[in-house]
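Since the structure comes first, as structure tokens, the remarks are kept for the end.
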Amino acid sequence: MGKRKGKGRCAKNNKNATTEPENLVQAPHTFVIRKGLPGGHLTELTKDFRKLMEPFTATSLKERRKNTIKDFVAVAGLLHVSHLVIFSRTELGLYLKISRLPRGPTLTFKIHNFSLARDVVSCLKRQNVVEAAFKHSPLIVLNSFSGESMHMKLMTSMFQNMFPTLNLTNVDLNDVRRCVLLNYNPTTKFIDFRHYVIKVIPVGISKGVKKVVQGKVPNLNHCSDIADFLTKSGVLSESEAEDDPNHQVTLPQKIVSRGNVESGKSSIKLTEVGPRLTLQLIKIEDGLLDGEVLYHDLIEKTDEEKLFIQKKREAKKKLKEKRKKIQDKNKEKKELVREELKKKSLQGMKNVKFDESKNVSVEADDDAEYYRQEVGQEPDKTLFTSSRATRPTINRKRKPEKTHQGKIGTPQGKVFRKSNQKRVKK
């Protein structure tokens with residue numbers, strides 16, 4: 001028995017064959033798309049929201065006008081996509097819809113105000129956006145979402161399930177680099193959506209020592225010695241809240257940034273990177289962009305109207321199921337008819353081949369027998385053969401051929417010129 005060969009190059013390089021890690025599969029993934037009327041900075045807002053939802057989102061997703069919601073739902077299961085975020089624009093304004101795949105529910109928000117990420121960053125004094133912070137999912141913080149009503153619970157669970165959960169026992173603080181803050185105002189029913197980058201700064205040391213520790217080049221222009229620079233008590237940096245004890249924490253782990261050691265005190269600094277959104281919950285639907293309306297902020301219906309709508313929806317559902325059954329039966333009938341026609345056609349092809357092979361031999365025997373009955377003699381062997389050698393040849397008149405330009409040759413040896421049409425002998 002030959003030696004078994006190992007995996008080939010194609011099998012080793014096949015990315016689909018390798019299994020994904022369990023934490024990656026179980027993490028919530030999102031599709032962020034846009035619908036409705038063009039314009040109104042809708043494309044830029046969609047790209048900024050995709051950047052916010054990294055790394056568990058399709059950053060380079062290219063949707064087309066022909067694409068429907070069913071197209072995204074069809075591929076959502078293969079890509080482990082759990083949420084669908086839709087930015088839509090109508091004549092009345094901008095809307096944000098967040099749906100749980102594949103069966104809902106769907107939350108519809110009205111966007112009252114928004115600011116793009118580029119506008120937020122341009123307002124900063126120091127425009128320092130760390131790209132490494134987008135390699136890990138952000139931390140979600142909800143403020144004033146403690147309501148007992150059904151729509152508040154649904155809204156809270158929807159926002160929480162859009163981001164992966166953190167295990168406090170084995171969390172790595174170096175991976176927590178961003179923060180998404182949602183603040184709910186019970187009076188106006190508005191939701192403030194903010195996105196920050198988290199920065200940890202060491203405290204308890206002077207400004208000069210801090211610069212040296214963090215690897216910055218100090219400016220010794222006004223100092224006669226390095227000791228003057230380290231011991232000088234100058235104003236603190238732009239984060240004036242570093243001395244506030246409420247903003248100071250004791251680090252349980254070592255942070256990658258310089259100056260932050262384990263069990264040391266550090267202050268937390270937040271830098272907004274956008275986008276900014278001001279949302280208002282309008283409607284909650286039971287299904288995926290459809291179904292029973294569980295909550296509506298603008299329209300209130302009576303129990304009779306709700307019962308009538310529910311009965312109408314059930315009747316529509318039953319009619320749809322009935323039509324589907326009829327379609328399935330018709331498909332089965334068409335398949336049976338197609339199979340019968342296929343069998344008949346195959347059987348007919350076999351019969352035609354058998355008759356052709358049979359007629360060749362019978363036809364030759366009938367001609368010989370007919371000759372014996374009519375003439376009374378045995379026919380010659382070559383009389384009823386179909387060989388081309390025994391067929392008589394027929395001499396046909398040869399067509400004239402072109403010899404050269406302006407002359408036509410004939411078998412009799414005569415030549416005629418086209419110019420004067422005079423007869424000339426060779």
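Scheme for the structure tokens: letters A, B, ... for chains in order shown; per-chain residue numbers from 1; ligand numbers from 1 in order shown.
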
For range 30-42 of chain A: contacts at 8 Å, only C-alpha atoms, fewer than 5 positions along chain excluded, given as an MDAnalysis selection string
chainID A and resid 49:50 53 56:58 63 81:90 162

Create the file for the chosen residues now, containing all heavy atoms and written as a short mmCIF file (atom, residue, chain, number, x, y, z; two decimals), in the first residue's frame.
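Written output follows (result_26.cif):
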```cif
data_model
loop_
_atom_site.label_atom_id
_atom_site.label_comp_id
_atom_site.auth_asym_id
_atom_site.auth_seq_id
_atom_site.Cartn_x
_atom_site.Cartn_y
_atom_site.Cartn_z
N PHE A 49 -20.72 55.76 10.25
CA PHE A 49 -21.32 54.77 11.16
C PHE A 49 -20.68 53.40 10.96
O PHE A 49 -20.54 52.63 11.91
CB PHE A 49 -22.83 54.70 10.94
CG PHE A 49 -23.58 54.19 12.13
CD1 PHE A 49 -24.00 55.04 13.13
CD2 PHE A 49 -23.87 52.83 12.27
CE1 PHE A 49 -24.69 54.58 14.24
CE2 PHE A 49 -24.55 52.36 13.37
CZ PHE A 49 -24.97 53.23 14.36
N ARG A 50 -20.29 53.08 9.75
CA ARG A 50 -19.56 51.82 9.52
C ARG A 50 -18.21 51.85 10.23
O ARG A 50 -17.78 50.83 10.79
CB ARG A 50 -19.34 51.61 8.01
CG ARG A 50 -20.60 51.23 7.24
CD ARG A 50 -20.28 51.11 5.76
NE ARG A 50 -21.48 50.82 4.99
CZ ARG A 50 -21.51 50.80 3.66
NH1 ARG A 50 -20.41 51.06 2.97
NH2 ARG A 50 -22.64 50.54 3.02
N MET A 53 -18.73 51.10 13.86
CA MET A 53 -19.08 49.71 14.18
C MET A 53 -17.95 48.73 13.90
O MET A 53 -18.15 47.52 14.03
CB MET A 53 -20.32 49.29 13.39
CG MET A 53 -21.57 50.10 13.67
SD MET A 53 -22.10 50.01 15.39
CE MET A 53 -22.50 48.29 15.55
N PHE A 56 -16.50 44.54 13.50
CA PHE A 56 -17.52 43.55 13.16
C PHE A 56 -18.58 44.15 12.26
O PHE A 56 -19.78 44.14 12.58
CB PHE A 56 -18.15 42.99 14.44
CG PHE A 56 -17.16 42.34 15.37
CD1 PHE A 56 -16.90 42.88 16.62
CD2 PHE A 56 -16.48 41.21 14.99
CE1 PHE A 56 -16.00 42.29 17.47
CE2 PHE A 56 -15.56 40.61 15.83
CZ PHE A 56 -15.32 41.15 17.08
N THR A 57 -18.17 44.67 11.13
CA THR A 57 -19.09 45.21 10.15
C THR A 57 -18.45 45.15 8.78
O THR A 57 -17.24 44.96 8.66
CB THR A 57 -19.47 46.66 10.49
OG1 THR A 57 -20.50 47.10 9.61
CG2 THR A 57 -18.28 47.58 10.36
N ALA A 58 -19.28 45.28 7.75
CA ALA A 58 -18.79 45.27 6.36
C ALA A 58 -18.45 46.71 5.98
O ALA A 58 -19.31 47.48 5.56
CB ALA A 58 -19.85 44.68 5.43
N GLU A 63 -23.68 48.67 -1.85
CA GLU A 63 -25.07 48.36 -2.16
C GLU A 63 -25.49 49.09 -3.43
O GLU A 63 -24.96 50.17 -3.75
CB GLU A 63 -26.00 48.73 -1.00
CG GLU A 63 -26.14 50.22 -0.73
CD GLU A 63 -25.08 50.76 0.18
OE1 GLU A 63 -24.04 50.09 0.35
OE2 GLU A 63 -25.27 51.87 0.72
N VAL A 81 -24.21 37.80 10.40
CA VAL A 81 -24.71 39.16 10.61
C VAL A 81 -25.98 39.09 11.44
O VAL A 81 -26.92 38.35 11.11
CB VAL A 81 -24.97 39.86 9.26
CG1 VAL A 81 -25.55 41.26 9.49
CG2 VAL A 81 -23.70 39.95 8.45
N SER A 82 -26.01 39.85 12.52
CA SER A 82 -27.15 39.80 13.45
C SER A 82 -28.01 41.05 13.42
O SER A 82 -29.17 41.01 13.85
CB SER A 82 -26.63 39.59 14.88
OG SER A 82 -25.74 40.63 15.24
N HIS A 83 -27.48 42.20 12.92
CA HIS A 83 -28.23 43.44 12.92
C HIS A 83 -28.10 44.13 11.56
O HIS A 83 -27.06 44.03 10.89
CB HIS A 83 -27.74 44.40 14.01
CG HIS A 83 -28.05 43.92 15.40
ND1 HIS A 83 -27.29 42.96 16.05
CD2 HIS A 83 -29.03 44.25 16.28
CE1 HIS A 83 -27.79 42.74 17.25
NE2 HIS A 83 -28.83 43.52 17.41
N LEU A 84 -29.16 44.82 11.20
CA LEU A 84 -29.20 45.59 9.95
C LEU A 84 -29.53 47.04 10.30
O LEU A 84 -30.57 47.32 10.90
CB LEU A 84 -30.25 45.02 8.99
CG LEU A 84 -30.42 45.74 7.66
CD1 LEU A 84 -29.15 45.63 6.82
CD2 LEU A 84 -31.61 45.17 6.89
N VAL A 85 -28.62 47.95 9.95
CA VAL A 85 -28.79 49.38 10.22
C VAL A 85 -29.02 50.08 8.89
O VAL A 85 -28.21 49.95 7.96
CB VAL A 85 -27.55 49.96 10.93
CG1 VAL A 85 -27.75 51.45 11.21
CG2 VAL A 85 -27.27 49.20 12.22
N ILE A 86 -30.14 50.81 8.78
CA ILE A 86 -30.54 51.46 7.53
C ILE A 86 -30.68 52.96 7.77
O ILE A 86 -31.46 53.38 8.63
CB ILE A 86 -31.86 50.87 7.00
CG1 ILE A 86 -31.77 49.36 6.84
CG2 ILE A 86 -32.23 51.51 5.67
CD1 ILE A 86 -33.08 48.71 6.48
N PHE A 87 -29.94 53.73 6.99
CA PHE A 87 -30.12 55.18 6.97
C PHE A 87 -30.98 55.52 5.75
O PHE A 87 -30.59 55.20 4.62
CB PHE A 87 -28.77 55.91 6.89
CG PHE A 87 -28.00 55.92 8.17
CD1 PHE A 87 -27.07 54.93 8.44
CD2 PHE A 87 -28.22 56.91 9.11
CE1 PHE A 87 -26.35 54.94 9.62
CE2 PHE A 87 -27.51 56.93 10.30
CZ PHE A 87 -26.59 55.95 10.56
N SER A 88 -32.11 56.14 5.97
CA SER A 88 -33.03 56.46 4.88
C SER A 88 -33.36 57.94 4.90
O SER A 88 -33.39 58.58 5.97
CB SER A 88 -34.31 55.63 4.98
OG SER A 88 -34.98 55.90 6.19
N ARG A 89 -33.63 58.46 3.72
CA ARG A 89 -33.99 59.88 3.57
C ARG A 89 -35.28 59.99 2.78
O ARG A 89 -35.41 59.42 1.69
CB ARG A 89 -32.86 60.63 2.86
CG ARG A 89 -33.12 62.12 2.70
CD ARG A 89 -31.88 62.81 2.17
NE ARG A 89 -32.11 64.23 1.96
CZ ARG A 89 -32.47 64.77 0.79
NH1 ARG A 89 -32.63 64.00 -0.27
NH2 ARG A 89 -32.66 66.07 0.68
N THR A 90 -36.24 60.71 3.34
CA THR A 90 -37.52 60.96 2.69
C THR A 90 -37.73 62.47 2.57
O THR A 90 -36.86 63.26 2.93
CB THR A 90 -38.68 60.32 3.48
OG1 THR A 90 -38.75 60.93 4.79
CG2 THR A 90 -38.45 58.83 3.66
N MET A 162 -26.07 45.14 20.03
CA MET A 162 -25.34 45.52 18.81
C MET A 162 -23.83 45.42 18.99
O MET A 162 -23.09 45.36 18.00
CB MET A 162 -25.72 46.95 18.41
CG MET A 162 -27.10 47.08 17.80
SD MET A 162 -27.49 48.79 17.38
CE MET A 162 -26.29 49.12 16.10
#
```

8 Å contact set for range 171-188 of chain A, only C-alpha atoms, chain neighbours under 2 positions out, as a PDB file with N, CA and C atoms, in the first residue's frame:
```pdb
ATOM      1  N   ALA A 133      -7.155  52.190  17.441  1.00  0.00           N
ATOM      2  CA  ALA A 133      -8.304  52.054  18.331  1.00  0.00           C
ATOM      3  C   ALA A 133      -9.486  51.381  17.654  1.00  0.00           C
ATOM      4  N   PHE A 134      -9.520  51.372  16.322  1.00  0.00           N
ATOM      5  CA  PHE A 134     -10.637  50.787  15.594  1.00  0.00           C
ATOM      6  C   PHE A 134     -10.437  49.296  15.324  1.00  0.00           C
ATOM      7  N   HIS A 136     -10.573  47.118  17.667  1.00  0.00           N
ATOM      8  CA  HIS A 136     -11.412  46.437  18.661  1.00  0.00           C
ATOM      9  C   HIS A 136     -12.747  47.171  18.771  1.00  0.00           C
ATOM     10  N   SER A 137     -13.767  46.441  19.161  1.00  0.00           N
ATOM     11  CA  SER A 137     -15.118  47.011  19.257  1.00  0.00           C
ATOM     12  C   SER A 137     -15.196  48.001  20.417  1.00  0.00           C
ATOM     13  N   PRO A 138     -16.082  48.989  20.319  1.00  0.00           N
ATOM     14  CA  PRO A 138     -16.165  49.996  21.387  1.00  0.00           C
ATOM     15  C   PRO A 138     -16.952  49.490  22.595  1.00  0.00           C
ATOM     16  N   LEU A 139     -16.799  50.215  23.673  1.00  0.00           N
ATOM     17  CA  LEU A 139     -17.543  49.949  24.900  1.00  0.00           C
ATOM     18  C   LEU A 139     -18.831  50.754  24.857  1.00  0.00           C
ATOM     19  N   ILE A 140     -19.965  50.115  25.186  1.00  0.00           N
ATOM     20  CA  ILE A 140     -21.268  50.776  25.141  1.00  0.00           C
ATOM     21  C   ILE A 140     -21.650  51.235  26.546  1.00  0.00           C
ATOM     22  N   VAL A 141     -22.055  52.516  26.652  1.00  0.00           N
ATOM     23  CA  VAL A 141     -22.473  53.099  27.928  1.00  0.00           C
ATOM     24  C   VAL A 141     -23.849  53.710  27.725  1.00  0.00           C
ATOM     25  N   LEU A 142     -24.830  53.281  28.516  1.00  0.00           N
ATOM     26  CA  LEU A 142     -26.205  53.778  28.443  1.00  0.00           C
ATOM     27  C   LEU A 142     -26.514  54.582  29.693  1.00  0.00           C
ATOM     28  N   ASN A 143     -27.063  55.760  29.503  1.00  0.00           N
ATOM     29  CA  ASN A 143     -27.405  56.641  30.616  1.00  0.00           C
ATOM     30  C   ASN A 143     -28.898  56.980  30.561  1.00  0.00           C
ATOM     31  N   SER A 144     -29.590  56.820  31.716  1.00  0.00           N
ATOM     32  CA  SER A 144     -31.018  57.142  31.869  1.00  0.00           C
ATOM     33  C   SER A 144     -31.907  56.256  31.014  1.00  0.00           C
ATOM     34  N   PHE A 145     -31.504  55.011  30.794  1.00  0.00           N
ATOM     35  CA  PHE A 145     -32.352  54.059  30.072  1.00  0.00           C
ATOM     36  C   PHE A 145     -33.068  53.113  31.040  1.00  0.00           C
ATOM     37  N   LEU A 166     -18.589  42.128  27.309  1.00  0.00           N
ATOM     38  CA  LEU A 166     -17.270  42.076  27.928  1.00  0.00           C
ATOM     39  C   LEU A 166     -17.300  41.135  29.123  1.00  0.00           C
ATOM     40  N   ASN A 167     -16.301  40.286  29.203  1.00  0.00           N
ATOM     41  CA  ASN A 167     -16.137  39.401  30.348  1.00  0.00           C
ATOM     42  C   ASN A 167     -15.143  40.051  31.303  1.00  0.00           C
ATOM     43  N   LEU A 168     -15.634  40.493  32.452  1.00  0.00           N
ATOM     44  CA  LEU A 168     -14.802  41.261  33.374  1.00  0.00           C
ATOM     45  C   LEU A 168     -13.666  40.448  33.978  1.00  0.00           C
ATOM     46  N   THR A 169     -13.779  39.129  33.946  1.00  0.00           N
ATOM     47  CA  THR A 169     -12.731  38.296  34.550  1.00  0.00           C
ATOM     48  C   THR A 169     -11.475  38.228  33.685  1.00  0.00           C
ATOM     49  N   PHE A 190     -35.335  62.639  23.602  1.00  0.00           N
ATOM     50  CA  PHE A 190     -34.242  62.627  22.639  1.00  0.00           C
ATOM     51  C   PHE A 190     -33.114  61.756  23.173  1.00  0.00           C
ATOM     52  N   ILE A 191     -32.366  61.161  22.247  1.00  0.00           N
ATOM     53  CA  ILE A 191     -31.215  60.311  22.573  1.00  0.00           C
ATOM     54  C   ILE A 191     -29.984  60.958  21.953  1.00  0.00           C
ATOM     55  N   ASP A 192     -29.007  61.276  22.783  1.00  0.00           N
ATOM     56  CA  ASP A 192     -27.736  61.843  22.311  1.00  0.00           C
ATOM     57  C   ASP A 192     -26.745  60.707  22.084  1.00  0.00           C
ATOM     58  N   PHE A 193     -26.306  60.583  20.862  1.00  0.00           N
ATOM     59  CA  PHE A 193     -25.387  59.519  20.447  1.00  0.00           C
ATOM     60  C   PHE A 193     -24.004  60.138  20.256  1.00  0.00           C
ATOM     61  N   ARG A 194     -23.000  59.674  21.033  1.00  0.00           N
ATOM     62  CA  ARG A 194     -21.644  60.198  20.960  1.00  0.00           C
ATOM     63  C   ARG A 194     -20.635  59.057  20.863  1.00  0.00           C
ATOM     64  N   HIS A 195     -19.498  59.377  20.247  1.00  0.00           N
ATOM     65  CA  HIS A 195     -18.439  58.386  20.035  1.00  0.00           C
ATOM     66  C   HIS A 195     -17.113  58.992  20.476  1.00  0.00           C
ATOM     67  N   TYR A 196     -16.405  58.320  21.404  1.00  0.00           N
ATOM     68  CA  TYR A 196     -15.176  58.843  21.992  1.00  0.00           C
ATOM     69  C   TYR A 196     -14.043  57.826  21.848  1.00  0.00           C
ATOM     70  N   VAL A 197     -12.819  58.366  21.878  1.00  0.00           N
ATOM     71  CA  VAL A 197     -11.603  57.564  21.991  1.00  0.00           C
ATOM     72  C   VAL A 197     -11.079  57.724  23.410  1.00  0.00           C
ATOM     73  N   ILE A 198     -10.759  56.598  24.073  1.00  0.00           N
ATOM     74  CA  ILE A 198     -10.318  56.602  25.467  1.00  0.00           C
ATOM     75  C   ILE A 198      -8.797  56.717  25.515  1.00  0.00           C
ATOM     76  N   LYS A 199      -8.337  57.631  26.345  1.00  0.00           N
ATOM     77  CA  LYS A 199      -6.906  57.821  26.535  1.00  0.00           C
ATOM     78  C   LYS A 199      -6.615  57.797  28.029  1.00  0.00           C
ATOM     79  N   GLN A 253      -4.253  46.435  35.543  1.00  0.00           N
ATOM     80  CA  GLN A 253      -3.351  45.821  34.569  1.00  0.00           C
ATOM     81  C   GLN A 253      -2.383  46.875  34.057  1.00  0.00           C
ATOM     82  N   ILE A 255      -0.850  49.037  31.169  1.00  0.00           N
ATOM     83  CA  ILE A 255      -1.309  49.600  29.907  1.00  0.00           C
ATOM     84  C   ILE A 255      -0.099  49.812  28.999  1.00  0.00           C
ATOM     85  N   VAL A 256      -0.345  49.659  27.703  1.00  0.00           N
ATOM     86  CA  VAL A 256       0.747  49.752  26.740  1.00  0.00           C
ATOM     87  C   VAL A 256       1.338  51.154  26.707  1.00  0.00           C
TER      88      VAL A 256
END
```

Let's see if you can do this: from backbone DSSP, list all alpha helix (DSSP H) residues in range 22-185 of chain A, as a PyMOL selection string.
chain A and resi 22-26+42-52+69-76+117-122+150-161

Just give me the gap between CA of Asn23 in chain A and CA of Pro164 in chain A in Å, one decimal is fine.
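Distance between the two atoms: 9.3 Å.
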
Counting only C-alpha atoms, which residue out of A:Thr250, A:Ser115, A:Gln347, A:Thr302 sits closest to Val203 in chain A?
A:Thr250

Hey, what does DSSP flag as strand (DSSP E) within range 128-332 of chain A? Can you give it to me as JSON, numbers by chain?
{"A": [139, 140, 141, 142, 143, 178, 179, 180, 181, 182, 183, 184, 185, 190, 191, 192, 193, 194, 195, 196, 197, 198, 199, 200, 201, 202, 248, 249, 250, 265, 266, 267, 268, 269, 270, 271, 272, 276, 277, 278, 279, 280, 281, 282, 283, 284, 285, 293, 294, 295, 296]}

CA of Lys312 in chain A and CA of Leu294 in chain A are how many Å apart?
16.2 Å

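Reported to one decimal place, the separation of CA of Leu101 in chain A from CA of Val75 in chain A is 10.9 Å.
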